[in-house]
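Dumped my_file-v1.txt below, it's compact mmCIF, C-alpha atoms:
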```txt
# COMPACT_ATOMS: atom_id res chain seq x y z
CA MET A 214 165.77 98.60 42.60
CA TYR A 215 167.03 101.23 40.16
CA PRO A 216 168.85 103.93 42.16
CA GLU A 217 170.10 105.60 38.98
CA HIS A 218 166.50 106.64 38.29
CA ALA A 219 165.64 107.73 41.81
CA GLU A 220 165.94 111.44 41.08
CA VAL A 221 163.62 111.50 38.06
CA PHE A 222 161.18 109.23 39.87
CA ALA A 223 161.08 111.60 42.86
CA ALA A 224 160.58 114.55 40.51
CA ALA A 225 157.66 112.78 38.87
CA GLN A 226 156.14 112.04 42.26
CA ARG A 227 156.29 115.74 43.10
CA ARG A 228 155.03 116.79 39.70
CA MET A 229 151.86 114.72 39.48
CA PRO A 230 150.05 116.25 42.50
CA ALA A 231 150.91 119.71 41.16
CA LEU A 232 149.45 118.86 37.76
CA ALA A 233 146.34 117.39 39.35
CA ALA A 234 145.81 120.50 41.47
CA LYS A 235 146.33 122.84 38.50
CA TYR A 236 144.14 121.08 35.97
CA ALA A 237 141.76 118.88 37.96
CA GLY A 238 141.49 120.53 41.35
CA ALA A 239 138.22 121.50 43.01
CA GLY A 240 136.65 124.48 41.29
CA VAL A 241 139.07 124.43 38.33
CA VAL A 242 137.41 125.29 35.01
CA LEU A 243 139.63 124.88 31.96
CA ASP A 244 139.56 127.56 29.30
CA GLN A 245 141.11 127.39 25.84
CA ASN A 246 144.57 128.34 27.08
CA THR A 247 144.72 126.04 30.08
CA ALA A 248 143.30 123.21 27.99
CA MET A 249 146.19 123.63 25.53
CA GLU A 250 148.66 123.69 28.42
CA LEU A 251 147.19 120.43 29.71
CA ALA A 252 147.41 118.84 26.25
CA ARG A 253 151.07 119.83 25.96
CA GLU A 254 151.80 117.79 29.08
CA LEU A 255 151.28 114.70 26.93
CA TYR A 256 154.63 115.41 25.27
CA VAL A 257 156.77 116.32 28.30
CA ASP A 258 159.86 114.16 28.80
CA ASN A 259 159.93 113.05 32.43
CA GLY A 260 163.33 111.42 32.17
CA HIS A 261 162.36 107.77 31.68
CA PRO A 262 160.09 105.94 29.18
CA ALA A 263 158.13 104.18 31.94
CA LEU A 264 157.49 107.47 33.73
CA ASN A 265 156.46 109.11 30.46
CA ALA A 266 153.92 106.35 29.78
CA ARG A 267 152.42 106.46 33.27
CA ILE A 268 152.21 110.25 33.47
CA GLN A 269 150.81 110.52 29.96
CA SER A 270 148.09 108.03 30.93
CA SER A 271 147.29 110.17 33.97
CA ILE A 272 147.04 113.23 31.75
CA VAL A 273 144.68 111.35 29.44
CA GLU A 274 142.54 110.47 32.46
CA MET A 275 142.45 114.14 33.49
CA ILE A 276 141.36 115.11 29.98
CA GLY A 277 138.69 112.42 29.99
CA ALA A 278 137.37 113.55 33.37
CA ALA A 279 137.15 117.14 32.16
CA LEU A 280 135.30 116.13 29.00
CA ARG A 281 132.85 113.99 30.97
CA ALA A 282 132.09 116.84 33.37
CA GLY A 283 131.14 119.18 30.52
CA ASP A 284 130.67 122.88 31.25
CA ALA A 285 131.28 122.31 34.95
CA ARG A 286 134.94 121.58 34.20
CA CYS A 287 135.74 123.16 30.83
CA THR A 288 134.41 125.78 28.43
CA PRO A 289 133.15 124.78 24.97
CA ALA A 290 136.39 126.14 23.47
CA ALA A 291 138.39 124.07 25.92
CA ARG A 292 136.42 120.94 24.99
CA THR A 293 137.31 121.48 21.34
CA VAL A 294 140.99 121.86 22.20
CA LEU A 295 141.07 118.76 24.39
CA SER A 296 139.22 116.59 21.87
CA THR A 297 141.39 117.76 18.96
CA GLU A 298 144.67 117.37 20.82
CA LEU A 299 143.71 113.96 22.20
CA LEU A 300 142.95 112.72 18.68
CA ARG A 301 146.27 114.13 17.46
CA TYR A 302 148.07 112.36 20.31
CA SER A 303 146.36 109.11 19.34
CA HIS A 304 147.26 109.46 15.65
CA ALA A 305 150.88 110.00 16.73
CA GLY A 306 150.82 106.59 18.43
CA GLY A 307 150.45 107.76 22.01
CA GLY A 308 148.72 105.84 24.79
CA ARG A 309 149.62 102.36 23.64
CA THR A 310 152.10 101.17 26.26
CA THR A 311 149.72 98.61 27.79
CA PRO A 312 146.22 97.37 26.91
CA ALA A 313 144.76 99.16 29.93
CA GLU A 314 146.41 102.49 29.03
CA GLN A 315 145.17 102.13 25.46
CA ALA A 316 141.65 101.54 26.80
CA VAL A 317 141.96 104.66 29.00
CA LEU A 318 142.82 106.64 25.88
CA ALA A 319 139.88 105.11 23.99
CA ARG A 320 137.54 105.95 26.87
CA ALA A 321 138.56 109.61 26.71
CA LEU A 322 138.42 109.73 22.91
CA ALA A 323 134.84 108.42 22.99
CA LEU A 324 133.79 111.74 24.52
CA GLY A 325 134.87 113.71 21.45
CA ASP A 326 133.33 114.13 18.01
CA GLU A 327 132.46 111.40 15.50
CA ARG A 328 136.05 110.99 14.30
CA SER A 329 137.21 110.52 17.87
CA ALA A 330 134.41 108.02 18.57
CA VAL A 331 135.44 105.88 15.59
CA MET A 332 139.05 105.87 16.78
CA ALA A 333 137.85 105.08 20.31
CA ASP A 334 135.99 101.97 19.15
CA GLU A 335 139.00 100.75 17.17
CA LEU A 336 141.39 101.25 20.07
CA MET A 337 139.03 99.74 22.63
CA ALA A 338 138.47 96.59 20.57
CA ASP A 339 142.20 96.26 19.92
CA ALA A 340 143.00 96.75 23.62
CA HIS A 341 140.70 93.88 24.55
CA ALA A 342 142.23 91.60 21.91
CA TRP A 343 145.70 92.60 23.12
CA ALA A 344 144.90 91.94 26.78
CA THR A 345 143.42 88.57 25.83
CA GLU A 346 146.51 87.67 23.81
CA VAL A 347 149.00 88.50 26.59
CA ARG A 348 146.85 86.58 29.10
CA SER A 349 147.13 89.16 31.85
CA ASP A 350 144.17 88.88 34.23
CA VAL A 351 144.88 92.36 35.61
CA GLN A 352 144.97 93.96 32.17
CA LEU A 353 142.00 91.99 30.86
CA THR A 354 139.85 92.84 33.88
CA ALA A 355 140.60 96.54 33.53
CA VAL A 356 140.05 96.63 29.77
CA THR A 357 136.86 94.56 29.96
CA GLY A 358 135.46 97.04 32.46
CA TYR A 359 136.07 99.89 30.04
CA CYS A 360 134.55 97.87 27.18
CA VAL A 361 131.41 97.22 29.22
CA GLU A 362 131.19 100.91 30.03
CA ARG A 363 131.49 101.72 26.32
CA TRP A 364 129.27 99.03 24.80
CA GLY A 365 127.19 97.67 27.66
CA GLU A 366 127.18 94.36 29.50
CA ALA A 367 126.16 92.44 26.36
CA PHE A 368 129.78 92.92 25.27
CA LEU A 369 130.70 90.14 27.70
CA LEU A 370 128.76 87.74 25.47
CA ASP A 371 129.49 89.31 22.10
CA VAL A 372 133.25 88.93 22.58
CA ILE A 373 133.02 85.13 22.99
CA PRO A 374 133.79 83.39 19.67
CA LEU A 375 130.98 81.28 18.26
CA PRO A 376 131.57 77.52 18.00
CA ALA A 377 133.32 76.42 14.82
CA LEU A 378 131.19 75.00 12.02
CA ARG A 379 132.12 72.69 9.18
CA GLU A 380 132.13 74.24 5.72
CA GLY A 381 128.62 74.75 4.42
CA GLU A 382 126.97 74.36 7.84
CA GLU A 383 124.77 76.97 9.50
CA TYR A 384 123.82 77.44 13.12
CA PRO A 385 120.38 75.93 13.73
CA LYS A 386 117.50 78.29 14.48
CA ALA A 387 117.06 76.89 18.01
CA TYR A 388 120.67 77.81 18.82
CA ARG A 389 120.35 81.29 17.30
CA ASP A 390 117.12 81.91 19.18
CA ALA A 391 118.74 80.81 22.45
CA LEU A 392 121.71 83.12 21.80
CA GLU A 393 119.34 86.04 21.40
CA ARG A 394 117.37 85.17 24.54
CA ILE A 395 120.56 85.00 26.61
CA ARG A 396 121.83 88.28 25.18
CA ARG A 397 118.54 90.02 26.00
CA VAL A 398 119.22 89.40 29.69
CA LEU A 399 122.08 91.92 29.50
CA GLU A 400 120.73 94.36 26.94
CA ALA A 401 120.59 98.00 27.97
CA PRO A 402 118.58 99.72 29.18
CA ALA A 403 117.52 97.12 31.72
CA PRO A 404 113.78 96.38 31.48
CA VAL A 405 111.32 96.72 34.33
CA ALA A 406 111.46 93.90 36.87
CA ARG A 407 108.53 91.92 35.45
CA GLU A 408 109.97 91.90 31.92
CA HIS A 409 113.45 91.13 33.27
CA VAL A 410 112.04 88.08 35.08
CA VAL A 411 110.57 86.85 31.81
CA ARG A 412 113.86 87.36 29.98
CA VAL A 413 115.89 85.46 32.58
CA ARG A 414 113.40 82.59 32.69
CA GLU A 415 113.34 82.31 28.89
CA ALA A 416 117.15 82.38 28.73
CA VAL A 417 117.45 79.54 31.26
CA ARG A 418 114.85 77.40 29.51
CA SER A 419 116.36 78.03 26.08
CA VAL A 420 119.45 75.92 26.85
CA GLU A 421 117.20 72.90 27.47
CA ASP A 422 115.87 72.78 23.91
CA ALA A 423 116.20 69.17 22.74
CA ARG A 424 116.84 70.32 19.17
CA ILE A 425 120.22 71.82 20.14
CA ALA A 426 123.29 69.61 19.73
CA ASP A 427 125.33 69.07 22.89
CA ASP A 428 128.39 71.05 21.75
CA LEU A 429 126.19 74.05 20.97
CA ARG A 430 124.28 73.57 24.24
CA GLN A 431 127.54 73.73 26.20
CA ASP A 432 128.42 76.99 24.45
CA LEU A 433 125.02 78.40 25.41
CA ILE A 434 125.40 77.29 29.02
CA GLY A 435 128.72 79.09 29.29
CA ARG A 436 127.12 82.27 27.99
CA LEU A 437 124.09 81.88 30.25
CA LEU A 438 126.29 81.54 33.32
CA ILE A 439 128.14 84.74 32.41
CA ALA A 440 124.84 86.59 31.95
CA LEU A 441 123.38 85.39 35.24
CA ARG A 442 126.51 86.19 37.22
CA THR A 443 126.73 89.64 35.65
CA ILE A 444 123.27 90.69 36.77
CA CYS A 445 123.88 89.19 40.23
CA GLU A 446 126.94 91.43 40.58
CA ARG A 447 125.16 94.63 39.60
CA ARG A 448 125.27 97.54 41.99
CA PRO A 449 122.73 98.68 42.97
CA ALA A 450 121.54 95.12 43.41
CA ILE A 451 118.79 93.68 41.24
CA GLY A 452 115.29 93.50 42.72
CA GLU A 453 113.92 90.51 44.59
CA GLN A 454 111.78 89.29 41.68
CA VAL A 455 114.75 89.09 39.31
CA PHE A 456 116.98 87.73 42.05
CA ASP A 457 114.60 84.85 42.77
CA VAL A 458 114.37 83.75 39.15
CA VAL A 459 118.18 83.87 38.81
CA ALA A 460 118.57 81.70 41.92
CA ASP A 461 115.97 79.30 40.49
CA GLY A 462 118.00 79.23 37.27
CA TYR A 463 121.10 78.07 39.14
CA ALA A 464 119.05 75.34 40.84
CA ARG A 465 117.46 74.34 37.52
CA LEU A 466 120.87 73.81 35.93
CA LEU A 467 121.55 71.30 38.72
CA ARG A 468 118.19 69.55 38.47
CA GLU A 469 118.48 69.10 34.72
CA SER A 470 122.13 67.94 34.95
CA LEU A 471 123.20 70.51 32.38
CA LEU A 472 126.65 71.34 33.78
CA ASN A 473 129.20 69.05 32.17
CA ARG A 474 132.38 71.10 31.81
CA ASP A 475 134.81 72.01 34.57
CA GLU A 476 134.85 75.67 33.51
CA HIS A 477 131.05 75.76 33.71
CA TRP A 478 131.10 74.44 37.27
CA ARG A 479 133.55 77.20 38.20
CA SER A 480 131.37 79.83 36.54
CA TRP A 481 128.25 78.41 38.22
CA GLU A 482 130.01 78.51 41.58
CA ARG A 483 131.05 82.15 41.13
CA GLY A 484 127.48 83.00 40.20
CA VAL A 485 126.05 81.34 43.30
CA ILE A 486 128.63 83.17 45.41
CA ALA A 487 127.44 86.41 43.82
CA LEU A 488 123.95 85.74 45.17
CA GLY A 489 125.34 86.14 48.68
CA GLU A 490 124.80 83.68 51.52
CA ARG A 491 121.99 85.66 53.16
CA ARG A 492 119.96 85.95 49.96
CA THR A 493 120.53 82.43 48.66
CA PRO A 494 117.24 80.49 49.06
CA GLU A 495 117.21 77.39 51.23
CA SER A 496 116.09 75.29 48.27
CA LEU A 497 119.32 76.10 46.42
CA LYS A 498 121.40 75.49 49.54
CA ARG A 499 119.80 72.06 49.92
CA ALA A 500 120.53 71.29 46.26
CA VAL A 501 124.16 72.25 46.79
CA ALA A 502 124.35 70.02 49.87
CA ARG A 503 122.95 67.08 47.89
CA LEU A 504 125.49 67.73 45.15
CA ALA A 505 128.36 67.69 47.65
CA ASP A 506 127.23 64.26 48.92
CA ASP A 507 126.51 62.75 45.49
CA ARG A 508 129.37 60.36 44.71
CA ASP A 509 128.08 59.97 41.15
CA ALA A 510 128.22 63.71 40.42
CA PRO A 511 131.15 65.17 38.45
CA GLN A 512 134.19 65.82 40.63
CA ALA A 513 134.28 69.50 39.58
CA GLY A 514 130.66 69.82 40.74
CA ARG A 515 131.27 68.19 44.12
CA GLU A 516 134.32 70.40 44.70
CA ALA A 517 132.33 73.52 43.78
CA ALA A 518 129.59 72.48 46.21
CA ASP A 519 132.12 71.84 49.00
CA ARG A 520 133.66 75.28 48.51
CA LEU A 521 130.24 76.96 48.55
CA ILE A 522 129.26 75.21 51.78
CA ARG A 523 132.52 76.25 53.45
CA GLN A 524 132.04 79.86 52.35
CA TRP A 525 128.47 79.91 53.60
CA GLU A 526 129.60 78.50 56.95
CA GLN A 527 132.14 81.34 57.17
CA GLY A 528 129.51 83.92 56.25
CA ALA A 529 131.36 84.92 53.08
CA GLU A 530 129.68 87.51 50.87
CA VAL A 531 130.57 88.67 47.41
CA ARG A 532 132.24 92.08 47.29
CA PRO A 533 130.57 94.81 45.21
CA ARG A 534 131.85 95.43 41.70
CA HIS A 535 133.83 98.62 41.19
```

Once more with this new file: its structure as structure tokens, please.
Amino acid sequence: MYPEHAEVFAAAQRRMPALAAKYAGAGVVLDQNTAMELARELYVDNGHPALNARIQSSIVEMIGAALRAGDARCTPAARTVLSTELLRYSHAGGGRTTPAEQAVLARALALGDERSAVMADELMADAHAWATEVRSDVQLTAVTGYCVERWGEAFLLDVIPLPALREGEEYPKAYRDALERIRRVLEAPAPVAREHVVRVREAVRSVEDARIADDLRQDLIGRLLIALRTICERRPAIGEQVFDVVADGYARLLRESLLNRDEHWRSWERGVIALGERRTPESLKRAVARLADDRDAPQAGREAADRLIRQWEQGAEVRPRH
């Protein structure tokens, strides 16, 4: 599309494999000098702003990979150089072309000293807010993955704004307790299977508390669905005990008629898909079939049930998370 840039683009294509081989190839161990050479690549002009941004992000990824590998990839002196130069690059405004590239920079900075870690947290949080603001699914998915890596799966719940309150109001204790029970499902490190079963069961039951107003209950249900789907998508897969109580939770939400919002039906559907057709219990399949035939059920629910049945008939399985 842009023939006037073909030459610099071709040069960049040739240059990147050479850089990767020199600084990230098999058996390469960076010393102080080669680490400084690698850091200087962050400031090379490749002939076009877009190429500069992309290549700089690749250099940041190389630096991050070297820092993560520790002594196997770089000497202690090299680590100091890479951490210092990466922080300097960040202070100069580098790595902020897109939310995802900013998150890549934050991910690498997090491997440095305390100053770098503070900057990493600031950049990571800003990258997520930025990706949310521009409403790019691709960017938001990438940045969210880095945020989860940095702060754990509970981030997926923590980032959701709490429901608005009128001036002088406070969240009732039943709501706050339910929030905590749902969050505990995703807290790291994951508990042993027996304790995890208890946590999931308590989280599901917490949204049924009669003391919770409906608007707050709907907020909790949205969070619960995110938590359940997240553990269903874990690789390696969760154990059978936890899996069974999650599947029962999806069925319980149907039995108690707790799903009232279209977005909750979509989230519930994605969660059931994440169970996988072969592992979904027959009791849940029968409940889905009844939902599809129930003319009094919400339209969003019937449509979700119809889609699930079609996918099961086709043998569809959820793909592993990457």

(request) Quick one: everything within 12 Å of Val317 in chain A, counting all atoms listed in the file, minus sequence neighbours fewer than 5 positions away in the same chain. Send it as an MDAnalysis selection string. (result) chainID A and resid 267 269:278 299 303 307:312 322:324 333:334 336:337 340:341 352 355:360 362:363

(request) Fewer than 3 positions away in the same chain doesn't count, so skip those; otherwise give me all residues within 10 Å of range 461-467 of chain A, counting all atoms listed in the file, as a PyMOL selection string. (result) chain A and resi 413-414+416-418+420-421+434+437-438+441-442+455-458+470-472+481-482+484-485+493-494+496-501+504+514

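The interatomic distance for the pair CA of Ala282 in chain A and CA of Arg447 in chain A works out to 24.1 Å.
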
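When CA of Arg253 in chain A is paired with CA of Val331 in chain A, their separation reads 23.4 Å.
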
(message) Please list as a list in words every residue within 12 Å of Asp258 in chain A, counting all atoms listed in the file and excluding residues in the same chain fewer than 4 positions away.
(response) Val221, Ala224, Ala225, Arg253, Glu254, Pro262, Ala263, Leu264, Asn265, Ala266, Arg267, Ile268 and Gln269 of chain A

How about saving the chosen residues, C-alpha atoms kept, as a PDB file, keeping the file's coordinate frame?
```pdb
ATOM      1  CA  VAL A 221     163.620 111.500  38.060  1.00  0.00           C
ATOM      2  CA  ALA A 224     160.580 114.550  40.510  1.00  0.00           C
ATOM      3  CA  ALA A 225     157.660 112.780  38.870  1.00  0.00           C
ATOM      4  CA  ARG A 253     151.070 119.830  25.960  1.00  0.00           C
ATOM      5  CA  GLU A 254     151.800 117.790  29.080  1.00  0.00           C
ATOM      6  CA  PRO A 262     160.090 105.940  29.180  1.00  0.00           C
ATOM      7  CA  ALA A 263     158.130 104.180  31.940  1.00  0.00           C
ATOM      8  CA  LEU A 264     157.490 107.470  33.730  1.00  0.00           C
ATOM      9  CA  ASN A 265     156.460 109.110  30.460  1.00  0.00           C
ATOM     10  CA  ALA A 266     153.920 106.350  29.780  1.00  0.00           C
ATOM     11  CA  ARG A 267     152.420 106.460  33.270  1.00  0.00           C
ATOM     12  CA  ILE A 268     152.210 110.250  33.470  1.00  0.00           C
ATOM     13  CA  GLN A 269     150.810 110.520  29.960  1.00  0.00           C
TER      14      GLN A 269
END
```

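Residues with any atom within 6 Å of the point (129.5, 89.3, 40.5), counting all atoms listed in the file, are Arg442, Thr443, Cys445, Glu446 and Ala487 of chain A.
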
(request) Do a neighbour search on Lys235 in chain A at 10 Å with all atoms listed in the file, toss out local chain neighbours closer than 6 positions, and write the hits as a PyMOL selection string. (result) chain A and resi 229+241-243+247+251

(message) Let me make sure I understand: among A:Met332, A:Ile395, A:Ala344, A:Ala248, which one has the smallest atom-to-atom distance to Glu298 in chain A if we use all atoms listed in the file?
(response) A:Ala248

(request) Just the residues within 12 Å of Ala513 in chain A, please, counting all atoms listed in the file, with nothing from its chain fewer than 5 positions along; format it as a ChimeraX atom specification. (result) /A:472-482,504-505,507-508,518-520

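Residue nearest Arg292 in chain A within the list A:Pro374, A:Gly325, A:Pro404, A:Pro449: A:Gly325 [criterion: smallest interatomic distance, all atoms listed in the file].
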
(message) From the options A:Asp244, A:Glu250, A:Asp371, A:Glu327, which residue's atoms come nearest to Arg286 in chain A, counting all atoms listed in the file?
(response) A:Asp244

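Minimum atom-to-atom distances from A:Ala330, A:Gln431, A:Ala338, A:Arg412 to Leu375 in chain A were compared using all atoms listed in the file, and the lowest value belongs to A:Gln431.
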
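Picture a line from CA of Ser329 in chain A to CA of Leu300 in chain A; it runs 6.2 Å.
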
Go ahead and fit an axis-aligned box to every listed atom of range 418-426 of chain A plus 8 Å each side, and pass me the centre and edge lengths in Å, one decimal, as lines of an AutoDock Vina configuration file.
```
center_x = 119.1
center_y = 73.6
center_z = 24.3
size_x = 24.4
size_y = 24.9
size_z = 26.3
```

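Proximity ranking of A:Asp422, A:Glu382, A:Gly528, A:Glu408 relative to Glu469 in chain A places A:Asp422 first, based on all atoms listed in the file.
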
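Residue nearest Arg227 in chain A within the list A:Val410, A:Asn259, A:Val405, A:Ala313: A:Asn259 [criterion: smallest interatomic distance, only C-alpha atoms].
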